[in-house]
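With CSV, C-alpha atoms and all ligand atoms inside, this is start-v5.csv:
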chain,number,residue,atom,x,y,z
A,1,MET,CA,19.2,17.6,-21.2
A,2,HIS,CA,16.0,16.0,-19.8
A,3,ASP,CA,12.6,17.6,-20.2
A,4,SER,CA,10.2,17.5,-17.3
A,5,SER,CA,8.2,14.7,-18.9
A,6,SER,CA,11.1,12.2,-19.1
A,7,ARG,CA,12.3,13.3,-15.7
A,8,ALA,CA,8.9,12.2,-14.3
A,9,LEU,CA,9.2,8.8,-16.1
A,10,ASP,CA,12.8,8.4,-14.7
A,11,LEU,CA,11.3,8.3,-11.2
A,12,PHE,CA,9.8,4.9,-12.0
A,13,SER,CA,11.7,1.6,-12.0
A,14,PRO,CA,11.2,-1.9,-13.4
A,15,THR,CA,12.5,-3.7,-10.3
A,16,TYR,CA,12.6,-3.2,-6.5
A,17,ALA,CA,16.4,-3.1,-6.6
A,18,MET,CA,16.3,-0.2,-9.0
A,19,ALA,CA,13.5,1.6,-7.2
A,20,ARG,CA,15.4,1.3,-4.0
A,21,GLY,CA,18.6,2.6,-5.7
A,22,LYS,CA,16.8,5.7,-7.0
A,23,PHE,CA,15.2,6.4,-3.6
A,24,LEU,CA,18.6,6.1,-1.8
A,25,SER,CA,20.3,8.3,-4.5
A,26,ALA,CA,17.6,11.0,-4.1
A,27,ALA,CA,18.2,11.0,-0.3
A,28,SER,CA,21.9,11.1,-0.7
A,29,ALA,CA,21.7,14.0,-3.3
A,30,ARG,CA,19.8,16.0,-0.6
A,31,GLY,CA,22.3,15.0,2.1
A,32,LEU,CA,19.6,13.2,4.1
A,33,ALA,CA,20.4,10.2,6.2
A,34,VAL,CA,18.8,6.8,5.4
A,35,ASP,CA,17.7,4.5,8.2
A,36,SER,CA,17.7,1.1,6.6
A,37,ASN,CA,15.7,-1.6,8.5
A,38,VAL,CA,17.2,-4.7,6.8
A,39,LEU,CA,15.3,-7.9,6.3
A,40,GLY,CA,17.7,-10.8,6.1
A,41,LEU,CA,15.9,-12.9,3.5
A,42,PRO,CA,16.8,-13.8,-0.1
A,43,SER,CA,15.7,-11.2,-2.6
A,44,ALA,CA,14.8,-11.6,-6.3
A,45,GLU,CA,18.1,-10.3,-7.7
A,46,GLY,CA,20.5,-10.6,-4.7
A,47,GLU,CA,19.8,-7.0,-3.6
A,48,THR,CA,19.4,-6.0,0.0
A,49,LEU,CA,15.8,-6.1,1.3
A,50,ALA,CA,15.0,-3.2,3.6
A,51,ILE,CA,12.4,-0.7,4.8
A,52,ASP,CA,14.3,2.5,4.2
A,53,VAL,CA,13.3,5.5,6.2
A,54,VAL,CA,14.2,9.1,5.3
A,55,LEU,CA,13.2,12.1,7.4
A,56,ASP,CA,13.0,15.3,5.4
A,57,GLY,CA,12.8,18.1,7.9
A,58,PRO,CA,13.7,18.7,11.6
A,59,ALA,CA,13.9,15.7,13.9
A,60,ASP,CA,11.7,17.5,16.5
A,61,ALA,CA,9.0,18.6,14.0
A,62,SER,CA,5.6,18.8,15.6
A,63,LYS,CA,3.9,18.5,12.2
A,64,MET,CA,4.6,15.5,10.1
A,65,LEU,CA,3.5,13.9,6.9
A,66,ILE,CA,4.2,10.2,6.7
A,67,VAL,CA,4.3,8.8,3.1
A,68,LEU,CA,4.1,5.0,2.9
A,69,SER,CA,5.0,2.9,-0.1
A,70,GLY,CA,4.8,-0.9,-0.7
A,71,VAL,CA,2.4,-2.0,2.0
A,72,HIS,CA,1.3,-4.4,-0.8
A,73,GLY,CA,4.8,-5.3,-2.2
A,74,VAL,CA,4.1,-5.3,-5.9
A,75,GLU,CA,2.1,-2.0,-5.6
A,76,GLY,CA,5.3,-0.3,-4.4
A,77,PHE,CA,6.6,0.8,-7.8
A,78,CYS,CA,4.1,3.6,-7.8
A,79,GLY,CA,4.6,4.9,-4.2
A,80,SER,CA,8.4,4.6,-4.5
A,81,ALA,CA,8.4,6.9,-7.6
A,82,ILE,CA,6.3,9.5,-5.7
A,83,GLN,CA,8.7,9.4,-2.7
A,84,THR,CA,11.8,9.6,-4.9
A,85,GLY,CA,10.2,12.5,-6.9
A,86,LEU,CA,9.4,14.5,-3.7
A,87,LEU,CA,12.8,14.0,-2.3
A,88,GLY,CA,14.4,15.1,-5.5
A,89,GLU,CA,12.3,18.3,-5.7
A,90,GLY,CA,13.6,19.3,-2.2
A,91,ALA,CA,11.0,22.0,-1.8
A,92,PRO,CA,11.8,24.0,1.4
A,93,MET,CA,9.8,22.6,4.3
A,94,PRO,CA,7.7,25.1,6.4
A,95,ALA,CA,9.0,25.6,9.9
A,96,GLY,CA,8.4,22.8,12.4
A,97,THR,CA,7.3,20.4,9.6
A,98,ALA,CA,8.8,17.2,8.3
A,99,VAL,CA,8.0,14.5,5.8
A,100,LEU,CA,8.8,10.9,6.8
A,101,HIS,CA,9.2,8.7,3.8
A,102,VAL,CA,8.8,5.0,4.7
A,103,HIS,CA,10.0,3.2,1.6
A,104,ALA,CA,8.9,-0.4,0.8
A,105,ILE,CA,7.3,-1.4,4.1
A,106,ASN,CA,6.9,-4.9,2.5
A,107,PRO,CA,10.3,-5.2,0.8
A,108,TYR,CA,10.0,-9.0,0.3
A,109,GLY,CA,6.7,-8.7,-1.7
A,110,PHE,CA,8.1,-5.7,-3.7
A,111,SER,CA,11.3,-7.6,-4.7
A,112,HIS,CA,9.6,-10.9,-5.4
A,113,LEU,CA,6.5,-9.4,-7.1
A,114,ARG,CA,4.0,-10.5,-4.5
A,115,ARG,CA,1.2,-8.4,-3.0
A,116,VAL,CA,1.7,-10.2,0.4
A,117,THR,CA,4.7,-10.5,2.7
A,118,GLN,CA,7.2,-13.3,3.2
A,119,GLU,CA,4.6,-14.7,5.7
A,120,ASN,CA,2.0,-14.8,2.9
A,121,VAL,CA,0.3,-12.1,4.9
A,122,ASP,CA,-1.7,-9.2,3.6
A,123,LEU,CA,0.0,-6.5,5.7
A,124,ASN,CA,-3.1,-4.3,5.4
A,125,ARG,CA,-5.1,-7.0,7.3
A,126,ASN,CA,-2.4,-7.8,9.9
A,127,PHE,CA,-2.9,-4.9,12.4
A,128,VAL,CA,-5.4,-6.7,14.6
A,129,ASP,CA,-5.0,-7.7,18.2
A,130,PHE,CA,-3.8,-11.3,18.1
A,131,SER,CA,-4.4,-11.8,21.8
A,132,LYS,CA,-8.2,-11.6,21.1
A,133,PRO,CA,-10.4,-13.8,19.0
A,134,LEU,CA,-9.7,-13.0,15.4
A,135,PRO,CA,-12.3,-11.8,12.9
A,136,VAL,CA,-14.2,-14.5,11.1
A,137,ASN,CA,-14.8,-14.3,7.3
A,138,ALA,CA,-17.3,-17.1,6.6
A,139,GLY,CA,-17.6,-16.0,3.0
A,140,TYR,CA,-14.0,-16.6,2.3
A,141,ALA,CA,-14.0,-20.1,3.8
A,142,GLU,CA,-16.9,-20.9,1.4
A,143,ILE,CA,-15.0,-19.9,-1.8
A,144,HIS,CA,-11.3,-20.6,-0.9
A,145,ASP,CA,-11.2,-23.8,-2.9
A,146,TRP,CA,-12.8,-22.2,-5.9
A,147,LEU,CA,-10.5,-19.2,-5.8
A,148,LEU,CA,-7.4,-21.4,-5.7
A,149,PRO,CA,-8.3,-24.6,-7.5
A,150,ALA,CA,-6.0,-27.6,-8.1
A,151,THR,CA,-5.2,-26.5,-11.6
A,152,TRP,CA,-4.6,-23.2,-13.4
A,153,PRO,CA,-6.2,-21.8,-15.4
A,154,PRO,CA,-9.3,-22.7,-13.4
A,155,GLY,CA,-11.9,-25.0,-14.9
A,156,ALA,CA,-15.4,-23.9,-15.9
A,157,ASP,CA,-16.9,-25.7,-12.9
A,158,THR,CA,-15.0,-23.6,-10.3
A,159,GLU,CA,-15.8,-20.4,-12.2
A,160,ALA,CA,-19.4,-21.4,-12.2
A,161,GLU,CA,-19.4,-21.9,-8.5
A,162,LEU,CA,-17.9,-18.4,-8.0
A,163,ALA,CA,-20.5,-16.9,-10.3
A,164,VAL,CA,-23.3,-18.5,-8.3
A,165,TYR,CA,-21.8,-17.0,-5.1
A,166,GLY,CA,-21.6,-13.6,-6.9
A,167,ARG,CA,-25.3,-13.8,-7.9
A,168,ARG,CA,-26.4,-14.8,-4.4
A,169,HIS,CA,-24.4,-12.1,-2.6
A,170,GLY,CA,-23.9,-9.5,-5.3
A,171,ALA,CA,-20.6,-8.3,-6.8
A,172,ARG,CA,-19.9,-6.3,-3.6
A,173,GLY,CA,-20.6,-9.4,-1.5
A,174,LEU,CA,-18.1,-11.4,-3.5
A,175,GLN,CA,-15.5,-8.6,-3.3
A,176,ARG,CA,-16.0,-8.6,0.5
A,177,ALA,CA,-15.7,-12.3,0.9
A,178,ILE,CA,-12.4,-12.3,-1.1
A,179,GLY,CA,-10.9,-9.1,0.2
A,180,LEU,CA,-12.2,-8.3,3.7
A,181,GLY,CA,-9.3,-10.3,5.3
A,182,GLN,CA,-9.3,-13.8,6.6
A,183,TYR,CA,-7.4,-15.6,9.4
A,184,ASP,CA,-8.1,-19.3,8.8
A,185,HIS,CA,-6.3,-20.2,5.6
A,186,GLU,CA,-2.7,-19.4,5.9
A,187,ASP,CA,-2.0,-20.4,2.3
A,188,GLY,CA,-5.0,-18.4,1.1
A,189,MET,CA,-5.6,-14.9,-0.3
A,190,PHE,CA,-5.9,-11.8,1.8
A,191,PHE,CA,-4.6,-13.8,4.9
A,192,GLY,CA,-4.3,-11.5,7.9
A,193,GLY,CA,-1.8,-13.7,9.6
A,194,SER,CA,-1.6,-15.5,13.0
A,195,ALA,CA,0.8,-13.0,14.5
A,196,PRO,CA,2.2,-9.6,13.8
A,197,ALA,CA,4.3,-9.8,10.6
A,198,TRP,CA,7.9,-8.6,10.5
A,199,SER,CA,6.9,-5.5,8.6
A,200,ASN,CA,4.2,-4.7,11.2
A,201,LEU,CA,6.7,-4.8,14.1
A,202,ALA,CA,9.3,-2.9,12.1
A,203,PHE,CA,6.8,-0.2,11.2
A,204,ARG,CA,5.7,0.2,14.8
A,205,SER,CA,9.3,0.6,15.9
A,206,ILE,CA,9.9,3.2,13.2
A,207,LEU,CA,6.9,5.2,14.5
A,208,LYS,CA,8.2,5.0,18.0
A,209,ARG,CA,11.5,6.4,17.0
A,210,TYR,CA,10.3,9.2,14.7
A,211,THR,CA,7.0,10.5,16.1
A,212,PRO,CA,7.2,11.2,19.8
A,213,HIS,CA,7.3,15.0,19.2
A,214,VAL,CA,4.5,15.0,16.6
A,215,ARG,CA,1.3,16.7,17.5
A,216,GLN,CA,-0.3,16.8,14.0
A,217,LEU,CA,0.2,13.8,11.9
A,218,ALA,CA,-0.9,13.4,8.3
A,219,SER,CA,-0.5,10.2,6.3
A,220,ILE,CA,-0.7,9.1,2.7
A,221,ASP,CA,-0.6,5.4,2.1
A,222,ILE,CA,-0.1,4.7,-1.6
A,223,HIS,CA,-1.7,1.7,-3.3
A,224,THR,CA,-2.6,0.5,-6.8
A,225,GLY,CA,-5.1,-1.9,-8.4
A,226,LEU,CA,-8.6,-0.5,-7.8
A,227,GLY,CA,-10.6,1.9,-9.8
A,228,PRO,CA,-10.3,3.6,-13.2
A,229,HIS,CA,-7.0,3.5,-15.0
A,230,GLY,CA,-4.6,6.2,-13.8
A,231,VAL,CA,-7.1,7.8,-11.4
A,232,GLY,CA,-5.8,8.3,-7.9
A,233,GLU,CA,-8.8,7.8,-5.6
A,234,ARG,CA,-8.4,9.6,-2.3
A,235,ILE,CA,-9.9,7.4,0.3
A,236,PHE,CA,-10.4,8.8,3.8
A,237,ALA,CA,-8.3,6.7,6.2
A,238,SER,CA,-8.6,8.2,9.7
A,239,PHE,CA,-10.5,6.4,12.4
A,240,ASP,CA,-11.8,9.6,13.8
A,241,HIS,CA,-14.6,10.7,11.4
A,242,GLY,CA,-14.6,14.1,13.1
A,243,VAL,CA,-11.6,15.2,11.0
A,244,LEU,CA,-13.3,14.4,7.7
A,245,PRO,CA,-14.4,18.0,6.9
A,246,ARG,CA,-10.8,19.1,7.5
A,247,ALA,CA,-9.5,16.3,5.3
A,248,ARG,CA,-11.8,17.5,2.6
A,249,GLN,CA,-10.5,21.0,2.9
A,250,TRP,CA,-7.0,19.7,2.3
A,251,TRP,CA,-7.6,17.2,-0.4
A,252,GLY,CA,-11.0,17.9,-1.9
A,253,GLU,CA,-13.6,15.2,-2.4
A,254,LEU,CA,-12.7,12.0,-0.5
A,255,THR,CA,-14.4,8.6,-0.7
A,256,ASP,CA,-15.1,6.5,2.3
A,257,VAL,CA,-15.1,2.7,2.6
A,258,HIS,CA,-17.7,2.9,5.3
A,259,THR,CA,-20.3,4.7,3.3
A,260,GLY,CA,-19.8,2.6,0.1
A,261,SER,CA,-18.6,5.6,-1.9
A,262,SER,CA,-15.1,4.0,-2.4
A,263,THR,CA,-14.0,1.3,-4.9
A,264,SER,CA,-12.4,-0.2,-1.8
A,265,ILE,CA,-14.2,-2.0,1.0
A,266,PRO,CA,-13.8,-2.0,4.8
A,267,MET,CA,-11.1,-4.3,5.9
A,268,THR,CA,-9.9,-5.8,9.2
A,269,GLY,CA,-6.5,-4.7,10.6
A,270,PRO,CA,-5.4,-1.9,8.2
A,271,ILE,CA,-1.9,-0.4,8.7
A,272,GLN,CA,-3.4,2.9,9.9
A,273,THR,CA,-4.1,1.1,13.2
A,274,ALA,CA,-0.4,1.4,14.0
A,275,LEU,CA,-0.5,5.2,13.5
A,276,PHE,CA,-3.3,5.4,16.1
A,277,GLU,CA,-1.7,3.0,18.5
A,278,GLU,CA,1.9,4.3,18.3
A,279,CYS,CA,1.2,8.0,18.0
A,280,PRO,CA,-1.8,8.5,20.4
A,281,GLN,CA,-0.7,12.0,21.2
A,282,ALA,CA,-1.1,13.3,17.7
A,283,GLU,CA,-4.1,14.6,15.9
A,284,GLN,CA,-4.4,12.4,12.8
A,285,ILE,CA,-5.6,12.9,9.4
A,286,GLY,CA,-4.9,10.5,6.5
A,287,ILE,CA,-5.8,9.0,3.2
A,288,CYS,CA,-5.1,6.0,1.1
A,289,LEU,CA,-4.2,7.1,-2.4
A,290,GLU,CA,-5.4,4.2,-4.6
A,291,TYR,CA,-4.6,4.3,-8.3
A,292,GLY,CA,-6.7,2.4,-10.7
A,293,THR,CA,-4.9,0.1,-13.2
A,294,TYR,CA,-7.2,-2.4,-15.0
A,295,PRO,CA,-10.8,-3.7,-14.5
A,296,SER,CA,-11.2,-5.6,-11.3
A,297,ASP,CA,-11.8,-8.9,-13.0
A,298,ARG,CA,-8.4,-8.8,-14.5
A,299,VAL,CA,-6.7,-7.7,-11.3
A,300,THR,CA,-8.5,-10.4,-9.2
A,301,SER,CA,-7.6,-13.1,-11.8
A,302,ALA,CA,-4.0,-12.1,-11.8
A,303,LEU,CA,-3.9,-12.2,-8.0
A,304,ARG,CA,-5.6,-15.6,-7.9
A,305,ALA,CA,-3.1,-17.0,-10.4
A,306,GLU,CA,-0.1,-15.7,-8.4
A,307,HIS,CA,-1.5,-17.2,-5.2
A,308,TRP,CA,-2.2,-20.4,-6.9
A,309,LEU,CA,1.5,-20.4,-8.2
A,310,HIS,CA,2.8,-19.8,-4.7
A,311,ARG,CA,0.6,-22.5,-3.1
A,312,ARG,CA,0.9,-25.3,-5.6
A,313,GLY,CA,3.9,-24.4,-7.8
A,314,THR,CA,4.1,-25.5,-11.4
A,315,ALA,CA,6.5,-27.5,-13.5
A,316,ASP,CA,5.9,-25.2,-16.4
A,317,PRO,CA,8.4,-22.2,-16.2
A,318,LEU,CA,6.6,-20.4,-19.0
A,319,LEU,CA,3.3,-20.4,-17.1
A,320,ALA,CA,5.1,-19.3,-13.9
A,321,GLN,CA,6.7,-16.4,-15.8
A,322,GLN,CA,3.5,-15.4,-17.4
A,323,ILE,CA,1.7,-15.4,-14.1
A,324,LYS,CA,4.3,-13.1,-12.5
A,325,ARG,CA,4.3,-10.8,-15.5
A,326,ASN,CA,0.5,-10.5,-15.4
A,327,LEU,CA,0.6,-9.7,-11.7
A,328,LYS,CA,3.1,-7.0,-12.1
A,329,GLU,CA,1.2,-5.4,-15.0
A,330,ALA,CA,-2.1,-5.6,-13.0
A,331,PHE,CA,-0.6,-3.4,-10.3
A,332,TYR,CA,2.0,-1.5,-12.3
A,333,PRO,CA,0.9,-0.8,-15.9
A,334,ASP,CA,3.8,-0.4,-18.3
A,335,ALA,CA,2.4,2.8,-19.7
A,336,ASP,CA,3.8,6.3,-19.8
A,337,ASP,CA,0.5,8.1,-19.4
A,338,TRP,CA,-0.3,6.0,-16.3
A,339,LYS,CA,3.0,7.0,-14.7
A,340,HIS,CA,2.6,10.6,-15.5
A,341,SER,CA,-0.8,10.8,-13.9
A,342,VAL,CA,0.5,8.8,-10.8
A,343,TRP,CA,3.3,11.3,-10.3
A,344,ARG,CA,1.1,14.4,-10.9
A,345,GLN,CA,-1.6,13.4,-8.5
A,346,GLY,CA,0.8,11.9,-5.9
A,347,ARG,CA,2.9,15.1,-5.8
A,348,GLU,CA,-0.3,17.2,-5.5
A,349,ALA,CA,-1.7,15.1,-2.6
A,350,CYS,CA,1.5,15.4,-0.6
A,351,LEU,CA,1.9,19.1,-1.1
A,352,GLN,CA,-1.7,19.6,-0.1
A,353,ALA,CA,-1.0,17.7,3.1
A,354,ILE,CA,2.1,19.8,3.9
A,355,GLU,CA,0.1,23.0,3.3
A,356,GLY,CA,-2.9,21.7,5.3
A,357,LEU,CA,-0.7,20.9,8.3
A,358,GLN,CA,0.1,24.6,8.5
A,359,ALA,CA,-3.5,25.6,9.2
A,360,ASP,CA,-4.2,25.9,12.9
A,361,CYS,CA,-5.3,22.8,14.6
A,362,PRO,CA,-8.7,23.0,16.2
A,363,VAL,CA,-8.1,23.2,19.9
A,364,GLU,CA,-9.9,20.5,21.9
A,365,ALA,CA,-11.7,21.4,25.1
B,1,ZN,ZN,-3.0,-2.2,-1.8

Re-express the file's structure as structure tokens.
Amino acid sequence: MHDSSSRALDLFSPTYAMARGKFLSAASARGLAVDSNVLGLPSAEGETLAIDVVLDGPADASKMLIVLSGVHGVEGFCGSAIQTGLLGEGAPMPAGTAVLHVHAINPYGFSHLRRVTQENVDLNRNFVDFSKPLPVNAGYAEIHDWLLPATWPPGADTEAELAVYGRRHGARGLQRAIGLGQYDHEDGMFFGGSAPAWSNLAFRSILKRYTPHVRQLASIDIHTGLGPHGVGERIFASFDHGVLPRARQWWGELTDVHTGSSTSIPMTGPIQTALFEECPQAEQIGICLEYGTYPSDRVTSALRAEHWLHRRGTADPLLAQQIKRNLKEAFYPDADDWKHSVWRQGREACLQAIEGLQADCPVEA
């Protein structure tokens, strides 16, 4: 007999293949259909790569909560566990309300333990209009070669150059240069792409299929890697700031990348763009749920190493293994207390959204 503590831990998995298996089993145990959008590329362990979509609730629901996991592949362990847990609980849905679970939007990165997609694209920088001039990030161009030097670990000279940049522009300025998104270095970090990524197009087509009836749309996009260990920062993620008071009624205190109150920074081309473009008829209210893991220096260093490995490769299999292990740990700490707090806060945020959707929507003149 399992107690509730070990049941919560059982929601988490050590690999994408196992995480997907648990998600599919939870859907099947509830008798819910799974819509698998298969990506025909090699996976880490021979498993199928797919964005799996499960609708929990009526197909014509006018109120919908969309829960997203794995936008940043390796961050998907956390969101996947929350989705599997919610499906497993099977709480009765209020009338006219549905939850749409979109599992592993970036299945390639999830399986291969990369933050980016098979295109080396940061999916959360990819939702820009590629027919227009792309955003320019001059800061990134300046530090690209220092972030990903010829050898790893980096030499003291490149670290000194980065430190000088950090002193000149401040820690926040350095964070912006690295993480804002860039469109000029396709083998670089936080690359937004030169065209819509496969996951971008697949997500848009999923939204077209599942949301035409929706009038009130809530979204929770689950990430890891920023902020204090185990704390799920609720970051306001709607483009319409008019809904911020309502979002605070649902979820309590929210941070905002545009006022600097968040550990995260503004970015170009976030995935919420698709919600606004594909579901224009719906009133939208959403957050990113960002769970802290380790101090940002450690997370950034793990990311740099993994990008270096992808770009340059290494003849040393032990170094490659260590880099991959460090990346996974940086975004998915192997610690029971972290997993417990992820599940507790993730479940709470989703239930708050379902409850919030029941309140009357302000009628627009
Ligand atoms: Zn993320």

Exercise answer, 9 Å around ligand ZN 1 (chain B) with all atoms listed in the file, as a list in words: Gly70, Val71, His72, Gly73, Val74, Glu75, Gly76, Arg115, Asp122, Asn124, Asp221, Ile222, His223, Thr224, Gly225, Leu226, Cys288, Glu290 and Phe331 of chain A

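Comparing the minimum interatomic distances between A:Thr97 and each of A:Glu306, A:Glu45, A:Asp56, A:Glu283, counting all atoms listed in the file, we find that A:Asp56 sits nearest.
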
What lies within 9 Å of A:Val136 using all atoms listed in the file, ignoring chain neighbours under 3 positions off, as a PyMOL selection string? chain A and resi 133+139+181-184

Report as a Markdown table: every residue of stretch 76-162 of chain A with an atom at most 12 Å from stretch 270-279 of chain A, its closest pair of atoms, and their distance in Å to one decimal, counting all atoms listed in the file, with rows sorted by chain and ascending residue number.
| residue | atom | partner | partner_atom | distance |
| --- | --- | --- | --- | --- |
| A:Ile105 | CA | A:Ile271 | CA | 10.3 |
| A:Asn106 | CA | A:Ile271 | CA | 11.7 |
| A:Asp122 | CA | A:Pro270 | CA | 9.4 |
| A:Leu123 | CA | A:Ile271 | CA | 7.1 |
| A:Asn124 | CA | A:Pro270 | CA | 4.3 |
| A:Arg125 | CA | A:Pro270 | CA | 5.2 |
| A:Asn126 | CA | A:Pro270 | CA | 6.8 |
| A:Phe127 | CA | A:Pro270 | CA | 5.7 |
| A:Val128 | CA | A:Pro270 | CA | 8.0 |
| A:Asp129 | CA | A:Thr273 | CA | 10.2 |

Print the selection's residues with C-alpha atoms to a file, as a short mmCIF file (atom, residue, chain, number, x, y, z; two decimals), keeping the file's coordinate frame.
data_model
loop_
_atom_site.label_atom_id
_atom_site.label_comp_id
_atom_site.auth_asym_id
_atom_site.auth_seq_id
_atom_site.Cartn_x
_atom_site.Cartn_y
_atom_site.Cartn_z
CA ILE A 105 7.30 -1.40 4.10
CA ASN A 106 6.90 -4.90 2.50
CA ASP A 122 -1.70 -9.20 3.60
CA LEU A 123 0.00 -6.50 5.70
CA ASN A 124 -3.10 -4.30 5.40
CA ARG A 125 -5.10 -7.00 7.30
CA ASN A 126 -2.40 -7.80 9.90
CA PHE A 127 -2.90 -4.90 12.40
CA VAL A 128 -5.40 -6.70 14.60
CA ASP A 129 -5.00 -7.70 18.20
#

Could you give me, as a PyMOL selection string, the residues within 7 Å of A:Ser80, counting only C-alpha atoms and dropping anything in the same chain fewer than 2 positions from it? chain A and resi 19+69+76-78+82-84+103

If we count all atoms listed in the file, what is near A:Leu309 at a cut-off of 12 Å, once residues fewer than 6 positions away on the same chain are taken out, given as a count of residues only? 23

Ranking A:Leu174, A:Met267, A:Ala98, A:Leu9 by minimum distance to A:Pro58 and counting only C-alpha atoms, which one comes first? A:Ala98

Spatial neighbours of A:Asn137, 12 Å, all atoms listed in the file, chain gap at least 3 places, as a PyMOL selection string: chain A and resi 134+140-144+173-174+176-185+189-192+267-268

Shortest interatomic distance to A:Ala8 - which of A:Ile287, A:Ala349, A:Ala81, A:Ala156, counting all atoms listed in the file: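 Looking only at the distances to A:Ala8, the closest residue turns out to be A:Ala81.
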
Restricting the calculation to all atoms listed in the file, which member of A:Arg234, A:Arg30, A:His229, A:His310 is positioned closest to A:Lys339?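 Closest to A:Lys339 of all the choices is A:His229.
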
For the point (9.2, 27.9, 7.3) in the file's frame, write as a list in words all residues with an atom no more than 12 Å away, counting only C-alpha atoms.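 Output of the proximity query reads Gly57, Pro58, Ala61, Lys63, Ala91, Pro92, Met93, Pro94, Ala95, Gly96, Thr97, Ala98, Ile354, Glu355 and Gln358 of chain A.
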
Atomic separation - atom CA of A:Met64 relative to atom CA of A:Leu289, Å: 17.4 Å

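For the pair atom CA of A:Leu11 and atom CA of A:Ile206, the interatomic distance is 25.0 Å.
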
Residue among A:Ala237, A:Ala195, A:Ile220, A:Ala330 lying closest to A:Thr293, counting only C-alpha atoms: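 The closest residue to A:Thr293 is A:Ala330.
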
For a quick check of understanding, using all atoms listed in the file, which of A:Arg246, A:Asp337, A:Leu32, A:Trp308 has the smallest distance to A:Asp145?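 With all atoms listed in the file as the atom set, the closest residue is A:Trp308.
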
Please measure the separation of atom CA of A:Ser296 and atom CA of A:Gly193, giving the value in Å to one decimal.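 Computing it gives 24.3 Å between the two atoms.
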
Excluding same-chain residues fewer than 3 positions from A:His340, what lies within 12 Å of it counting only C-alpha atoms, as a count of residues only? 28

Show me the residues close to (-12.1, 11.3, 11.1) - anything with an atom within 12 Å, counting only C-alpha atoms - and format the list as a ChimeraX atom specification. /A:218,235-248,254,256,258,276,283-287

Only C-alpha atoms, please: the residues just picked out, written as a short mmCIF file (atom, residue, chain, number, x, y, z; two decimals), in the frame of the given file.
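Below you can see selection_2.cif, which holds the result:
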data_model
loop_
_atom_site.label_atom_id
_atom_site.label_comp_id
_atom_site.auth_asym_id
_atom_site.auth_seq_id
_atom_site.Cartn_x
_atom_site.Cartn_y
_atom_site.Cartn_z
CA ALA A 218 -0.90 13.40 8.30
CA ILE A 235 -9.90 7.40 0.30
CA PHE A 236 -10.40 8.80 3.80
CA ALA A 237 -8.30 6.70 6.20
CA SER A 238 -8.60 8.20 9.70
CA PHE A 239 -10.50 6.40 12.40
CA ASP A 240 -11.80 9.60 13.80
CA HIS A 241 -14.60 10.70 11.40
CA GLY A 242 -14.60 14.10 13.10
CA VAL A 243 -11.60 15.20 11.00
CA LEU A 244 -13.30 14.40 7.70
CA PRO A 245 -14.40 18.00 6.90
CA ARG A 246 -10.80 19.10 7.50
CA ALA A 247 -9.50 16.30 5.30
CA ARG A 248 -11.80 17.50 2.60
CA LEU A 254 -12.70 12.00 -0.50
CA ASP A 256 -15.10 6.50 2.30
CA HIS A 258 -17.70 2.90 5.30
CA PHE A 276 -3.30 5.40 16.10
CA GLU A 283 -4.10 14.60 15.90
CA GLN A 284 -4.40 12.40 12.80
CA ILE A 285 -5.60 12.90 9.40
CA GLY A 286 -4.90 10.50 6.50
CA ILE A 287 -5.80 9.00 3.20
#
